[in-house]
file coords_21.cif (mmCIF, C-alpha atoms; chains and numbers go by the auth columns)
data_protein
loop_
_atom_site.group_PDB
_atom_site.id
_atom_site.type_symbol
_atom_site.label_atom_id
_atom_site.label_comp_id
_atom_site.label_asym_id
_atom_site.label_seq_id
_atom_site.Cartn_x
_atom_site.Cartn_y
_atom_site.Cartn_z
_atom_site.B_iso_or_equiv
_atom_site.auth_seq_id
_atom_site.auth_asym_id
ATOM 1 C CA MET A 1 3.779 35.921 55.543 0.00 224 J
ATOM 2 C CA ASN A 2 7.552 36.181 55.163 0.00 225 J
ATOM 3 C CA ASP A 3 7.830 33.102 52.974 0.00 226 J
ATOM 4 C CA PRO A 4 8.768 34.040 49.368 0.00 227 J
ATOM 5 C CA ILE A 5 6.686 31.157 47.993 0.00 228 J
ATOM 6 C CA THR A 6 3.589 32.664 49.606 0.00 229 J
ATOM 7 C CA TRP A 7 4.246 36.025 47.956 0.00 230 J
ATOM 8 C CA LEU A 8 4.841 34.361 44.580 0.00 231 J
ATOM 9 C CA ILE A 9 1.492 32.584 44.850 0.00 232 J
ATOM 10 C CA ILE A 10 -0.239 35.836 45.805 0.00 233 J
ATOM 11 C CA ALA A 11 1.407 37.624 42.873 0.00 234 J
ATOM 12 C CA ALA A 12 0.422 34.854 40.454 0.00 235 J
ATOM 13 C CA PHE A 13 -3.244 35.188 41.389 0.00 236 J
ATOM 14 C CA TYR A 14 -3.118 38.988 41.612 0.00 237 J
ATOM 15 C CA ALA A 15 -1.412 39.705 38.270 0.00 238 J
ATOM 16 C CA PRO A 16 -4.314 38.692 35.992 0.00 239 J
ATOM 17 C CA LEU A 17 -6.680 40.884 37.986 0.00 240 J
ATOM 18 C CA HIS A 18 -4.223 43.757 37.864 0.00 241 J
ATOM 19 C CA PHE A 19 -3.511 43.557 34.116 0.00 242 J
ATOM 20 C CA LEU A 20 -6.740 42.226 32.598 0.00 243 J
ATOM 21 C CA VAL A 21 -9.214 45.082 33.057 0.00 244 J
ATOM 22 C CA PRO A 22 -6.926 47.883 31.817 0.00 245 J
ATOM 23 C CA LEU A 23 -5.727 45.877 28.804 0.00 246 J
ATOM 24 C CA LEU A 24 -9.234 44.829 27.829 0.00 247 J
ATOM 25 C CA THR A 25 -10.467 48.392 28.178 0.00 248 J
ATOM 26 C CA VAL A 26 -7.742 49.652 25.849 0.00 249 J
ATOM 27 C CA ALA A 27 -8.250 46.837 23.358 0.00 250 J
ATOM 28 C CA LEU A 28 -11.982 47.446 23.144 0.00 251 J
ATOM 29 C CA SER A 29 -12.001 51.236 23.161 0.00 252 J
ATOM 30 C CA ALA A 30 -9.035 52.304 21.038 0.00 253 J
ATOM 31 C CA PRO A 31 -10.102 54.200 17.917 0.00 254 J
ATOM 32 C CA ASP A 32 -7.601 52.506 15.572 0.00 255 J
ATOM 33 C CA ALA A 33 -4.846 49.896 15.451 0.00 256 J
ATOM 34 C CA LYS A 34 -2.013 52.370 16.067 0.00 257 J
ATOM 35 C CA ALA A 35 -3.730 53.809 19.136 0.00 258 J
ATOM 36 C CA ARG A 36 -4.497 50.276 20.340 0.00 259 J
ATOM 37 C CA ARG A 37 -0.834 49.199 20.130 0.00 260 J
ATOM 38 C CA ARG A 38 0.352 52.365 21.853 0.00 261 J
ATOM 39 C CA GLY A 39 -2.374 52.126 24.500 0.00 262 J
ATOM 40 C CA LEU A 40 -1.606 48.484 25.217 0.00 263 J
ATOM 41 C CA ARG A 41 2.070 49.332 25.699 0.00 264 J
ATOM 42 C CA ILE A 42 1.220 52.191 28.044 0.00 265 J
ATOM 43 C CA ALA A 43 -1.317 50.145 30.026 0.00 266 J
ATOM 44 C CA THR A 44 1.065 47.200 30.342 0.00 267 J
ATOM 45 C CA SER A 45 3.924 49.353 31.555 0.00 268 J
ATOM 46 C CA TRP A 46 1.716 51.175 34.075 0.00 269 J
ATOM 47 C CA ALA A 47 0.275 47.908 35.344 0.00 270 J
ATOM 48 C CA ALA A 48 3.731 46.366 35.738 0.00 271 J
ATOM 49 C CA LEU A 49 5.146 49.426 37.481 0.00 272 J
ATOM 50 C CA SER A 50 2.198 49.827 39.829 0.00 273 J
ATOM 51 C CA MET A 51 2.238 46.112 40.653 0.00 274 J
ATOM 52 C CA LEU A 52 5.952 46.234 41.440 0.00 275 J
ATOM 53 C CA ILE A 53 5.541 49.271 43.697 0.00 276 J
ATOM 54 C CA ALA A 54 2.423 47.830 45.336 0.00 277 J
ATOM 55 C CA PHE A 55 4.086 44.509 46.136 0.00 278 J
ATOM 56 C CA ALA A 56 7.175 46.198 47.552 0.00 279 J
ATOM 57 C CA LEU A 57 4.957 48.310 49.801 0.00 280 J
ATOM 58 C CA VAL A 58 2.691 45.414 50.734 0.00 281 J
ATOM 59 C CA ILE A 59 5.538 43.064 51.665 0.00 282 J
ATOM 60 C CA TRP A 60 6.952 45.800 53.883 0.00 283 J
ATOM 61 C CA LEU A 61 3.535 46.566 55.438 0.00 284 J
ATOM 62 C CA ALA A 62 2.517 42.939 55.933 0.00 285 J
ATOM 63 C CA ARG A 63 4.982 42.498 58.780 0.00 286 J
ATOM 64 C CA ALA A 64 3.104 44.989 60.937 0.00 287 J
ATOM 65 C CA GLN A 65 -0.461 45.250 59.601 0.00 288 J
ATOM 66 C CA LEU A 66 -1.708 42.613 57.216 0.00 289 J
ATOM 67 C CA SER A 67 -5.146 44.161 56.759 0.00 290 J
ATOM 68 C CA LEU A 68 -3.646 47.509 55.721 0.00 291 J
ATOM 69 C CA ALA A 69 -1.298 45.704 53.337 0.00 292 J
ATOM 70 C CA MET A 70 -4.182 43.895 51.647 0.00 293 J
ATOM 71 C CA ALA A 71 -6.122 47.166 51.372 0.00 294 J
ATOM 72 C CA VAL A 72 -3.129 48.750 49.641 0.00 295 J
ATOM 73 C CA LEU A 73 -2.920 45.771 47.298 0.00 296 J
ATOM 74 C CA PHE A 74 -6.606 46.076 46.450 0.00 297 J
ATOM 75 C CA LEU A 75 -6.457 49.840 45.890 0.00 298 J
ATOM 76 C CA SER A 76 -3.341 49.560 43.739 0.00 299 J
ATOM 77 C CA MET A 77 -5.443 47.846 41.071 0.00 300 J
ATOM 78 C CA LEU A 78 -6.907 51.274 40.326 0.00 301 J
ATOM 79 C CA ALA A 79 -3.579 52.806 39.215 0.00 302 J
ATOM 80 C CA PRO A 80 -3.354 51.290 35.729 0.00 303 J
ATOM 81 C CA PHE A 81 -7.088 51.671 35.186 0.00 304 J
ATOM 82 C CA LEU A 82 -6.881 55.392 35.971 0.00 305 J
ATOM 83 C CA LYS A 83 -4.177 55.727 33.305 0.00 306 J
ATOM 84 C CA VAL A 84 -6.414 53.909 30.808 0.00 307 J
ATOM 85 C CA LEU A 85 -9.303 56.237 31.607 0.00 308 J
ATOM 86 C CA TRP A 86 -6.957 59.171 30.967 0.00 309 J
ATOM 87 C CA LEU A 87 -6.003 57.639 27.592 0.00 310 J
ATOM 88 C CA ARG A 88 -9.654 57.144 26.628 0.00 311 J
ATOM 89 C CA ARG A 89 -10.385 60.765 27.485 0.00 312 J
ATOM 90 C CA ARG A 90 -7.530 61.928 25.257 0.00 313 J
ATOM 91 C CA TRP A 91 -8.787 59.706 22.433 0.00 314 J
ATOM 92 C CA ARG A 92 -12.268 61.174 22.724 0.00 315 J
ATOM 93 C CA LEU A 93 -10.842 64.694 22.632 0.00 316 J
ATOM 94 C CA GLY A 94 -8.739 63.833 19.598 0.00 317 J
ATOM 95 C CA ASN A 95 -5.374 64.195 21.330 0.00 318 J
ATOM 96 C CA ALA A 96 -3.179 61.162 20.736 0.00 319 J
ATOM 97 C CA PRO A 97 -0.761 60.326 23.560 0.00 320 J
ATOM 98 C CA ASP A 98 2.879 61.230 23.022 0.00 321 J
#
call {"tool": "encode", "arguments": {"input": "coords_21.cif", "output": "structure tokens"}}
result
Amino acid sequence: MNDPITWLIIAAFYAPLHFLVPLLTVALSAPDAKARRRGLRIATSWAALSMLIAFALVIWLARAQLSLAMAVLFLSMLAPFLKVLWLRRRWRLGNAPD
């Protein structure tokens, strides 16, 4: 699992799963166009950051315990979705994000 091509292939298949659900949730639940644009920017940045951190951790973990590394990769998909749920809650309460 030390081959960079292998990790690129894993990232290519993982990225749509990591980005799609949070972005679709924002796009379908934003109250207006301004909130949608802002929410999409926030969700995209959180998804990119969490994916970068997750892959750095997973590549480091994969050398010793591959099953733990894959569990971390799976659980890291929740990070951007949790941020989107926080955004939706603020929209429902009437508080726009900063």
call {"tool": "resolve_selection", "arguments": {"input": "coords_21.cif", "expression": "the PyMOL selection byres ((chain J and resi 230-235) around 12)", "output": "PyMOL selection string"}}
result
chain J and resi 224-229+236-242+271+274-275+277-279+281-283+285+293+296
call {"tool": "write_last_selection", "arguments": {"input": "coords_21.cif", "atoms": "C-alpha atoms", "output": "compact mmCIF listing (two decimals), in the frame of the given file"}}
result
# COMPACT_ATOMS: atom_id res chain seq x y z
CA MET J 224 3.78 35.92 55.54
CA ASN J 225 7.55 36.18 55.16
CA ASP J 226 7.83 33.10 52.97
CA PRO J 227 8.77 34.04 49.37
CA ILE J 228 6.69 31.16 47.99
CA THR J 229 3.59 32.66 49.61
CA PHE J 236 -3.24 35.19 41.39
CA TYR J 237 -3.12 38.99 41.61
CA ALA J 238 -1.41 39.70 38.27
CA PRO J 239 -4.31 38.69 35.99
CA LEU J 240 -6.68 40.88 37.99
CA HIS J 241 -4.22 43.76 37.86
CA PHE J 242 -3.51 43.56 34.12
CA ALA J 271 3.73 46.37 35.74
CA MET J 274 2.24 46.11 40.65
CA LEU J 275 5.95 46.23 41.44
CA ALA J 277 2.42 47.83 45.34
CA PHE J 278 4.09 44.51 46.14
CA ALA J 279 7.18 46.20 47.55
CA VAL J 281 2.69 45.41 50.73
CA ILE J 282 5.54 43.06 51.66
CA TRP J 283 6.95 45.80 53.88
CA ALA J 285 2.52 42.94 55.93
CA MET J 293 -4.18 43.90 51.65
CA LEU J 296 -2.92 45.77 47.30
call {"tool": "closest_residue", "arguments": {"input": "coords_21.cif", "among": "J:Ala258, J:Leu291, J:Leu247, J:Leu301", "to": "Gly317 of chain J", "atoms": "all atoms listed in the file"}}
result
J:Ala258
call {"tool": "closest_residue", "arguments": {"input": "coords_21.cif", "among": "J:Arg286, J:Arg259, J:Leu272, J:Val244", "to": "Trp314 of chain J", "atoms": "only C-alpha atoms"}}
result
J:Arg259
call {"tool": "axis_aligned_box", "arguments": {"input": "coords_21.cif", "around": "segment 300-319 of chain J", "padding_each_side": "6 Å", "output": "AutoDock Vina command-line options"}}
result
--center_x -7.7 --center_y 56.3 --center_z 30.3 --size_x 21.1 --size_y 28.8 --size_z 33.5
call {"tool": "atom_distance", "arguments": {"input": "coords_21.cif", "atom1": "atom CA of Thr248 of chain J", "atom2": "atom CA of Leu308 of chain J"}}
result
8.6 Å
call {"tool": "resolve_selection", "arguments": {"input": "coords_21.cif", "expression": "the PyMOL selection byres ((chain J and resi 311) around 10)", "output": "ChimeraX atom specification"}}
result
/J:248-249,252-254,262,305-310,312-320
call {"tool": "write_last_selection", "arguments": {"input": "coords_21.cif", "atoms": "C-alpha atoms", "output": "JSON list (two decimals), in the frame of the given file"}}
result
[["chain", "number", "residue", "atom", "x", "y", "z"],
["J", 248, "THR", "CA", -10.47, 48.39, 28.18],
["J", 249, "VAL", "CA", -7.74, 49.65, 25.85],
["J", 252, "SER", "CA", -12.00, 51.24, 23.16],
["J", 253, "ALA", "CA", -9.04, 52.30, 21.04],
["J", 254, "PRO", "CA", -10.10, 54.20, 17.92],
["J", 262, "GLY", "CA", -2.37, 52.13, 24.50],
["J", 305, "LEU", "CA", -6.88, 55.39, 35.97],
["J", 306, "LYS", "CA", -4.18, 55.73, 33.30],
["J", 307, "VAL", "CA", -6.41, 53.91, 30.81],
["J", 308, "LEU", "CA", -9.30, 56.24, 31.61],
["J", 309, "TRP", "CA", -6.96, 59.17, 30.97],
["J", 310, "LEU", "CA", -6.00, 57.64, 27.59],
["J", 312, "ARG", "CA", -10.38, 60.76, 27.48],
["J", 313, "ARG", "CA", -7.53, 61.93, 25.26],
["J", 314, "TRP", "CA", -8.79, 59.71, 22.43],
["J", 315, "ARG", "CA", -12.27, 61.17, 22.72],
["J", 316, "LEU", "CA", -10.84, 64.69, 22.63],
["J", 317, "GLY", "CA", -8.74, 63.83, 19.60],
["J", 318, "ASN", "CA", -5.37, 64.19, 21.33],
["J", 319, "ALA", "CA", -3.18, 61.16, 20.74],
["J", 320, "PRO", "CA", -0.76, 60.33, 23.56]]
call {"tool": "closest_residue", "arguments": {"input": "coords_21.cif", "among": "J:Ile265, J:Ala270, J:Ala256, J:Leu251", "to": "Ser299 of chain J", "atoms": "only C-alpha atoms"}}
result
J:Ala270
call {"tool": "atom_distance", "arguments": {"input": "coords_21.cif", "atom1": "atom CA of Ala250 of chain J", "atom2": "atom CA of Ala266 of chain J"}}
result
10.2 Å
call {"tool": "atom_distance", "arguments": {"input": "coords_21.cif", "atom1": "atom CA of Ser290 of chain J", "atom2": "atom CA of Ile276 of chain J"}}
result
17.6 Å
